[in-house]
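S.K.: This one is structure.cif, mmCIF, C-alpha atoms and all ligand atoms.
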```cif
data_upload
loop_
_atom_site.label_atom_id
_atom_site.label_comp_id
_atom_site.auth_asym_id
_atom_site.auth_seq_id
_atom_site.Cartn_x
_atom_site.Cartn_y
_atom_site.Cartn_z
CA MET A 1 82.04 81.99 95.32
CA SER A 2 84.02 84.19 97.63
CA LEU A 3 86.39 83.38 100.46
CA THR A 4 87.32 85.76 103.24
CA VAL A 5 89.80 85.22 106.06
CA ASP A 6 89.21 87.54 109.02
CA GLY A 7 87.08 89.74 106.76
CA VAL A 8 89.73 90.14 104.04
CA GLU A 9 88.81 88.66 100.67
CA VAL A 10 91.21 86.05 99.32
CA LYS A 11 91.79 86.01 95.59
CA LEU A 12 90.48 82.70 94.31
CA SER A 13 93.19 80.81 92.47
CA ASN A 14 90.76 79.14 90.07
CA ASN A 15 87.40 80.42 88.87
CA ASN A 16 86.43 77.27 86.96
CA ILE A 17 85.36 75.44 90.05
CA LEU A 18 83.69 72.38 91.39
CA GLY A 19 82.86 70.58 88.19
CA SER A 20 80.62 73.25 86.72
CA GLY A 21 79.76 73.23 83.01
CA SER A 22 79.94 69.83 81.37
CA ALA A 23 80.82 67.85 84.49
CA PRO A 24 77.89 66.01 86.10
CA TRP A 25 76.74 67.33 89.45
CA PHE A 26 77.72 64.12 91.23
CA ASP A 27 81.28 64.18 89.89
CA TRP A 28 83.12 65.47 92.98
CA THR A 29 85.90 67.88 92.18
CA THR A 30 88.47 69.51 94.46
CA PHE A 31 90.21 72.77 93.81
CA THR A 32 92.65 75.07 95.56
CA MET A 33 90.85 78.20 96.66
CA GLY A 34 93.74 80.40 97.67
CA TYR A 35 96.40 81.22 100.22
CA ALA A 36 96.53 83.27 103.42
CA ASP A 37 99.16 84.15 106.03
CA LEU A 38 97.90 83.63 109.57
CA SER A 39 99.29 84.68 112.91
CA ALA A 40 98.93 82.34 115.88
CA GLY A 41 95.42 82.47 117.35
CA GLU A 42 91.84 82.25 116.18
CA HIS A 43 90.76 83.16 112.67
CA THR A 44 87.46 83.21 110.85
CA ILE A 45 87.10 81.74 107.36
CA VAL A 46 83.90 82.61 105.49
CA LEU A 47 82.91 80.89 102.28
CA LYS A 48 80.07 82.58 100.37
CA PHE A 49 78.11 81.18 97.48
CA VAL A 50 77.27 84.35 95.62
CA LYS A 51 75.63 83.04 92.43
CA LEU A 52 74.81 79.32 92.56
CA SER A 53 74.46 76.76 95.29
CA CYS A 54 76.26 73.43 95.18
CA ASN A 55 76.92 70.37 97.25
CA VAL A 56 80.07 70.76 99.32
CA ASP A 57 81.87 67.89 100.98
CA TYR A 58 84.74 69.39 102.95
CA LEU A 59 87.11 72.31 103.42
CA LYS A 60 90.72 71.26 103.79
CA LEU A 61 93.44 73.46 105.26
CA ASP A 62 97.04 72.69 104.34
CA VAL A 63 99.91 74.32 106.21
CA MET A 64 102.43 75.45 103.59
CA SER A 65 105.07 76.47 106.15
CA TYR A 66 105.33 77.38 109.79
CA GLY A 67 107.37 80.30 111.03
CA SER A 68 107.33 84.01 111.40
CA TYR A 69 106.51 86.39 108.61
CA SER A 70 105.99 90.10 108.32
CA ASP A 71 102.45 90.99 107.41
CA THR A 72 103.25 94.69 107.26
CA ASP A 73 104.04 96.54 104.05
CA VAL A 74 104.83 99.85 105.69
CA THR A 75 105.43 101.02 109.27
CA LEU A 76 104.57 104.67 109.74
CA ALA A 77 107.02 107.10 111.28
CA ALA A 78 105.77 108.77 114.47
CA SER A 79 105.62 112.10 112.65
CA GLY A 80 105.87 113.45 109.15
CA THR A 81 105.15 111.60 105.90
CA THR A 82 105.82 107.97 105.08
CA LYS A 83 105.48 106.90 101.45
CA TYR A 84 104.72 103.43 100.21
CA GLU A 85 105.78 102.91 96.59
CA LEU A 86 102.99 101.01 94.88
CA GLU A 87 105.34 99.25 92.46
CA ASN A 88 106.41 97.28 95.54
CA ILE A 89 102.89 96.11 96.28
CA ASP A 90 102.36 92.41 96.94
CA CYS A 91 99.86 91.50 94.21
CA THR A 92 98.95 88.27 96.00
CA GLN A 93 97.16 90.25 98.70
CA CYS A 94 95.21 92.28 96.12
CA LEU A 95 92.41 91.47 93.70
CA ILE A 96 93.91 92.61 90.42
CA ASN A 97 92.69 91.72 86.95
CA THR A 98 94.88 92.50 83.98
CA ARG A 99 93.34 95.06 81.63
CA SER A 100 92.25 93.26 78.45
CA ASP A 101 94.10 95.66 76.12
CA PHE A 102 97.27 95.72 78.19
CA VAL A 103 100.24 94.51 76.16
CA PRO A 104 102.40 92.83 77.18
CA ALA A 105 100.10 91.22 79.68
CA VAL A 106 102.02 89.71 82.53
CA GLY A 107 99.42 87.12 83.41
CA ALA A 108 95.98 87.01 84.87
CA GLY A 109 95.75 88.55 88.26
CA ASN A 110 98.69 90.86 87.68
CA CYS A 111 99.34 94.40 86.64
CA GLY A 112 102.27 96.03 84.92
CA LYS A 113 105.08 97.46 87.03
CA GLY A 114 107.71 99.84 85.71
CA SER A 115 109.00 103.42 85.82
CA GLY A 116 108.13 103.44 89.51
CA ARG A 117 104.44 102.83 88.86
CA ILE A 118 101.79 100.15 88.45
CA TYR A 119 99.40 100.09 85.51
CA GLY A 120 97.66 97.80 83.04
CA TYR A 121 94.96 96.60 85.40
CA ALA A 122 91.22 96.49 84.83
CA ASP A 123 88.58 98.80 86.31
CA GLY A 124 87.64 97.90 89.84
CA SER A 125 90.87 96.12 90.73
CA ILE A 126 91.38 96.15 94.48
CA PHE A 127 94.72 97.09 96.05
CA ARG A 128 95.71 96.52 99.66
CA VAL A 129 98.54 97.97 101.71
CA VAL A 130 99.09 96.66 105.23
CA VAL A 131 100.05 99.55 107.48
CA THR A 132 101.46 99.38 110.99
CA VAL A 133 100.78 102.44 113.14
CA GLU A 134 102.83 102.65 116.32
CA GLN A 135 100.67 105.14 118.20
CA ALA A 136 97.23 106.71 118.05
CA CYS A 137 97.22 109.55 115.54
CA THR A 138 95.35 111.43 112.87
CA LEU A 139 96.50 110.43 109.41
CA GLU A 140 96.22 112.19 106.11
CA ILE A 141 96.25 109.71 103.21
CA LYS A 142 97.19 110.73 99.68
CA LEU A 143 97.37 108.73 96.49
CA ALA A 144 99.78 109.74 93.72
CA GLY A 145 99.51 108.86 90.06
CA PHE A 146 98.06 110.01 86.80
CA GLY A 147 95.25 109.31 84.36
CA GLY A 148 93.09 112.30 85.26
CA THR A 149 91.24 110.03 87.68
CA ALA A 150 88.66 111.63 89.97
CA LEU A 151 89.41 110.12 93.36
CA ASN A 152 85.80 110.01 94.47
CA ALA A 153 85.01 107.66 91.56
CA GLN A 154 86.75 104.91 93.54
CA GLN A 155 86.41 103.39 97.02
CA TYR A 156 88.84 103.66 99.92
CA TYR A 157 88.87 101.95 103.30
CA PHE A 158 91.28 102.23 106.21
CA GLY A 159 90.81 99.55 108.85
CA GLY A 160 87.43 98.75 107.29
CA THR A 161 86.14 102.33 107.60
CA GLU A 162 85.27 104.00 104.32
CA ILE A 163 86.99 107.25 103.40
CA ILE A 164 85.21 109.44 100.86
CA PRO A 165 87.41 111.91 98.99
CA ALA A 166 86.10 115.39 98.32
CA GLY A 167 84.58 116.01 94.91
CA GLY A 168 86.88 117.48 92.27
CA VAL A 169 90.09 115.93 93.65
CA LYS A 170 92.00 114.30 90.78
CA LEU A 171 95.28 112.55 90.16
CA GLY A 172 97.57 114.11 87.58
CA SER A 173 96.89 114.19 83.88
CA GLY A 174 100.01 113.07 81.99
CA ALA A 175 102.28 113.52 85.01
CA VAL A 176 102.14 112.21 88.55
CA ALA A 177 100.28 114.37 91.04
CA GLU A 178 98.98 113.68 94.52
CA GLY A 179 95.33 113.70 95.48
CA LEU A 180 94.04 113.79 99.03
CA VAL A 181 91.99 110.69 99.78
CA GLY A 182 91.04 111.90 103.23
CA THR A 183 91.93 112.11 106.89
CA VAL A 184 91.40 109.27 109.34
CA THR A 185 91.59 109.02 113.10
CA VAL A 186 93.53 105.99 114.27
CA ALA A 187 92.40 105.31 117.84
CA GLU A 188 95.17 102.92 118.80
CA ALA A 189 98.46 101.45 117.65
CA GLY A 190 98.07 98.38 115.47
CA THR A 191 98.08 96.94 111.99
CA TYR A 192 95.46 98.19 109.54
CA VAL A 193 94.66 97.53 105.90
CA PHE A 194 94.40 100.46 103.52
CA GLU A 195 92.27 99.10 100.68
CA PHE A 196 91.21 100.92 97.56
CA THR A 197 89.85 100.33 94.08
CA SER A 198 91.26 102.02 91.01
CA GLY A 199 90.22 102.71 87.45
CA GLY A 200 91.91 100.94 84.53
CA GLY A 201 93.33 104.05 82.89
CA THR A 202 95.26 105.06 85.97
CA ASP A 203 98.99 104.77 86.67
CA LEU A 204 99.64 104.65 90.41
CA ASP A 205 102.95 105.80 91.89
CA TYR A 206 102.67 105.75 95.68
CA VAL A 207 100.43 106.22 98.66
CA SER A 208 101.54 108.62 101.38
CA PHE A 209 100.56 108.66 105.04
CA THR A 210 101.16 111.87 106.97
CA VAL A 211 100.77 112.04 110.73
CA VAL A 212 99.06 115.41 111.18
CA GLU A 213 98.64 115.21 114.97
CA CA B 1 106.37 104.71 92.82
#
```
Let me see the file written as structure tokens.
M.R.:
Amino acid sequence: MSLTVDGVEVKLSNNNILGSGSAPWFDWTTFTMGYADLSAGEHTIVLKFVKLSCNVDYLKLDVMSYGSYSDTDVTLAASGTTKYELENIDCTQCLINTRSDFVPAVGAGNCGKGSGRIYGYADGSIFRVVVTVEQACTLEIKLAGFGGTALNAQQYYFGGTEIIPAGGVKLGSGAVAEGLVGTVTVAEAGTYVFEFTSGGGTDLDYVSFTVVE
């Protein structure tokens, strides 16, 4: 089962859901799917049954708290380079699975953080950085880390548009080095999500956004 809010996947808080396994099909079960921050206005919640069908009774929305919040991780300067340190990333807005051989594990759904980097996550973990751009621009996006990772072995999206790195671009091997993810045209000011997957043997240091024009 997957849940998206306004097209962004929400990490499910419990995968053992709805009385599957030994529970009889008629034994109604409730579970907490996840959490999302919403601005005032209309939003679209999509629930997808990706493997099995089941009987569903209701979807309940609980307001945890009202008030303002900042949904931006980084606001880009009008010119030059703005770095976002990935050890500051909000794991609750990502889809991170702890790498099975990572010791000490810090709990399911988390990665290690230390020495200015994140690590210890499984292949295919999804990271998200919410970026506010104050004017239309062309942006160069770089990822910095090490693990010898070929950038084009992973996926990258800015505002839902895929960015495909050039072949042969790699992160550092043994020491942090930057790799160019690609260049994107941002047509108007606004808040965008930079989303990317990463391989389990990779340490990630930061993502940089450079306004090139
Ligand atoms: Ca860092």
S.K.: Between CA of Leu151 in chain A and CA of Ser198 in chain A, what distance in Å does the model show, to one decimal?
M.R.: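 CA of Ser198 in chain A lies 8.6 Å from CA of Leu151 in chain A.
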S.K.: Residues within 8 Å of Glu85 in chain A, please, as a list in words. Count all atoms listed in the file; anything in the same chain fewer than 5 positions from it doesn't count.
M.R.: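 What passes the distance filter is Gly116, Arg117, Asp205, Tyr206 and Val207 of chain A.
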S.K.: Give me, as an NGL selection string, the set of residues whose atoms come within 10 Å of any atom of ligand CA 1 (chain B), counting all atoms listed in the file.
M.R.: :A and (83-89 or 113-118 or 144-145 or 176 or 203-207)
S.K.: Neighbouring residues of range 160-166 of chain A were defined as those with any atom within 12 Å, considering all atoms listed in the file; residues of the same chain fewer than 3 positions away were excluded. Please report them as number ranges by chain.
M.R.: A: 6-8, 128, 139-143, 150-157, 169-171, 179-186, 191-197
S.K.: I want to know what sits within 9 Å of Cys91 in chain A, based on only C-alpha atoms, with residues of the same chain fewer than 6 positions away left out; could you give that as a PyMOL selection string?
M.R.: chain A and resi 109-111+127-128
S.K.: Would you please work out which residue, of A:Val74, A:Ala136, A:Ala187, A:Val103, is nearest to Gly120 in chain A when using only C-alpha atoms?
M.R.: A:Val103
S.K.: Pick the closest to Ser2 in chain A from A:Arg99, A:Lys60, A:Lys51, A:His43: which is it, counting all atoms listed in the file?
M.R.: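 Looking only at the distances to Ser2 in chain A, the closest residue turns out to be A:Lys51.
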S.K.: Just to confirm, what's the straight-line distance from CA of Glu213 in chain A to CA of Ala177 in chain A in Å (one decimal)?
M.R.: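 Computing it gives 24.0 Å between the two atoms.
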S.K.: Restore N, CA and C atoms in range 89-119 of chain A and list the result as an mmCIF file, in the coordinates of the input.
M.R.:
```cif
data_model
loop_
_atom_site.group_PDB
_atom_site.id
_atom_site.type_symbol
_atom_site.label_atom_id
_atom_site.label_comp_id
_atom_site.auth_asym_id
_atom_site.auth_seq_id
_atom_site.Cartn_x
_atom_site.Cartn_y
_atom_site.Cartn_z
ATOM 1 N N ILE A 89 104.047 96.756 95.652
ATOM 2 C CA ILE A 89 102.890 96.110 96.280
ATOM 3 C C ILE A 89 102.915 94.599 96.031
ATOM 4 N N ASP A 90 102.465 93.864 97.038
ATOM 5 C CA ASP A 90 102.360 92.410 96.940
ATOM 6 C C ASP A 90 101.028 92.084 96.264
ATOM 7 N N CYS A 91 101.099 91.726 94.980
ATOM 8 C CA CYS A 91 99.860 91.500 94.210
ATOM 9 C C CYS A 91 99.049 90.334 94.765
ATOM 10 N N THR A 92 99.697 89.428 95.501
ATOM 11 C CA THR A 92 98.950 88.270 96.000
ATOM 12 C C THR A 92 97.957 88.653 97.081
ATOM 13 N N GLN A 93 98.132 89.828 97.685
ATOM 14 C CA GLN A 93 97.160 90.250 98.700
ATOM 15 C C GLN A 93 96.143 91.238 98.124
ATOM 16 N N CYS A 94 96.158 91.382 96.804
ATOM 17 C CA CYS A 94 95.210 92.280 96.120
ATOM 18 C C CYS A 94 94.267 91.449 95.252
ATOM 19 N N LEU A 95 93.304 92.129 94.656
ATOM 20 C CA LEU A 95 92.410 91.470 93.700
ATOM 21 C C LEU A 95 92.546 92.223 92.380
ATOM 22 N N ILE A 96 93.561 91.859 91.620
ATOM 23 C CA ILE A 96 93.910 92.610 90.420
ATOM 24 C C ILE A 96 93.619 91.778 89.184
ATOM 25 N N ASN A 97 92.888 92.360 88.249
ATOM 26 C CA ASN A 97 92.690 91.720 86.950
ATOM 27 C C ASN A 97 93.413 92.532 85.896
ATOM 28 N N THR A 98 94.137 91.824 85.034
ATOM 29 C CA THR A 98 94.880 92.500 83.980
ATOM 30 C C THR A 98 93.917 93.141 82.984
ATOM 31 N N ARG A 99 94.191 94.383 82.608
ATOM 32 C CA ARG A 99 93.340 95.060 81.630
ATOM 33 C C ARG A 99 93.437 94.330 80.288
ATOM 34 N N SER A 100 92.281 94.132 79.632
ATOM 35 C CA SER A 100 92.250 93.260 78.450
ATOM 36 C C SER A 100 93.125 93.791 77.313
ATOM 37 N N ASP A 101 93.303 95.114 77.220
ATOM 38 C CA ASP A 101 94.100 95.660 76.120
ATOM 39 C C ASP A 101 95.545 95.926 76.531
ATOM 40 N N PHE A 102 95.916 95.447 77.712
ATOM 41 C CA PHE A 102 97.270 95.720 78.190
ATOM 42 C C PHE A 102 98.255 94.751 77.545
ATOM 43 N N VAL A 103 99.229 95.315 76.833
ATOM 44 C CA VAL A 103 100.240 94.510 76.160
ATOM 45 C C VAL A 103 101.602 95.056 76.569
ATOM 46 N N PRO A 104 102.568 94.267 76.998
ATOM 47 C CA PRO A 104 102.400 92.830 77.180
ATOM 48 C C PRO A 104 101.705 92.522 78.506
ATOM 49 N N ALA A 105 100.726 91.668 78.454
ATOM 50 C CA ALA A 105 100.100 91.220 79.680
ATOM 51 C C ALA A 105 101.102 90.373 80.454
ATOM 52 N N VAL A 106 101.065 90.467 81.723
ATOM 53 C CA VAL A 106 102.020 89.710 82.530
ATOM 54 C C VAL A 106 101.316 88.579 83.269
ATOM 55 N N GLY A 107 100.113 88.256 82.824
ATOM 56 C CA GLY A 107 99.420 87.120 83.410
ATOM 57 C C GLY A 107 98.207 87.548 84.169
ATOM 58 N N ALA A 108 97.213 86.703 84.154
ATOM 59 C CA ALA A 108 95.980 87.010 84.870
ATOM 60 C C ALA A 108 96.268 87.283 86.330
ATOM 61 N N GLY A 109 95.569 88.244 86.854
ATOM 62 C CA GLY A 109 95.750 88.550 88.260
ATOM 63 C C GLY A 109 96.892 89.500 88.526
ATOM 64 N N ASN A 110 97.558 89.966 87.484
ATOM 65 C CA ASN A 110 98.690 90.860 87.680
ATOM 66 C C ASN A 110 98.480 92.184 86.977
ATOM 67 N N CYS A 111 99.318 93.126 87.334
ATOM 68 C CA CYS A 111 99.340 94.400 86.640
ATOM 69 C C CYS A 111 100.763 94.641 86.176
ATOM 70 N N GLY A 112 100.933 95.660 85.322
ATOM 71 C CA GLY A 112 102.270 96.030 84.920
ATOM 72 C C GLY A 112 102.964 96.800 86.018
ATOM 73 N N LYS A 113 104.293 96.684 86.078
ATOM 74 C CA LYS A 113 105.080 97.460 87.030
ATOM 75 C C LYS A 113 106.302 97.980 86.295
ATOM 76 N N GLY A 114 106.534 99.269 86.348
ATOM 77 C CA GLY A 114 107.710 99.840 85.710
ATOM 78 C C GLY A 114 107.694 101.335 85.861
ATOM 79 N N SER A 115 108.870 101.965 85.683
ATOM 80 C CA SER A 115 109.000 103.420 85.820
ATOM 81 C C SER A 115 108.450 103.900 87.158
ATOM 82 N N GLY A 116 108.573 103.042 88.170
ATOM 83 C CA GLY A 116 108.130 103.440 89.510
ATOM 84 C C GLY A 116 106.620 103.462 89.678
ATOM 85 N N ARG A 117 105.907 102.789 88.777
ATOM 86 C CA ARG A 117 104.440 102.830 88.860
ATOM 87 C C ARG A 117 103.849 101.452 88.569
ATOM 88 N N ILE A 118 102.550 101.332 88.862
ATOM 89 C CA ILE A 118 101.790 100.150 88.450
ATOM 90 C C ILE A 118 100.706 100.609 87.487
ATOM 91 N N TYR A 119 100.343 99.731 86.556
ATOM 92 C CA TYR A 119 99.400 100.090 85.510
ATOM 93 C C TYR A 119 98.927 98.812 84.838
#
```
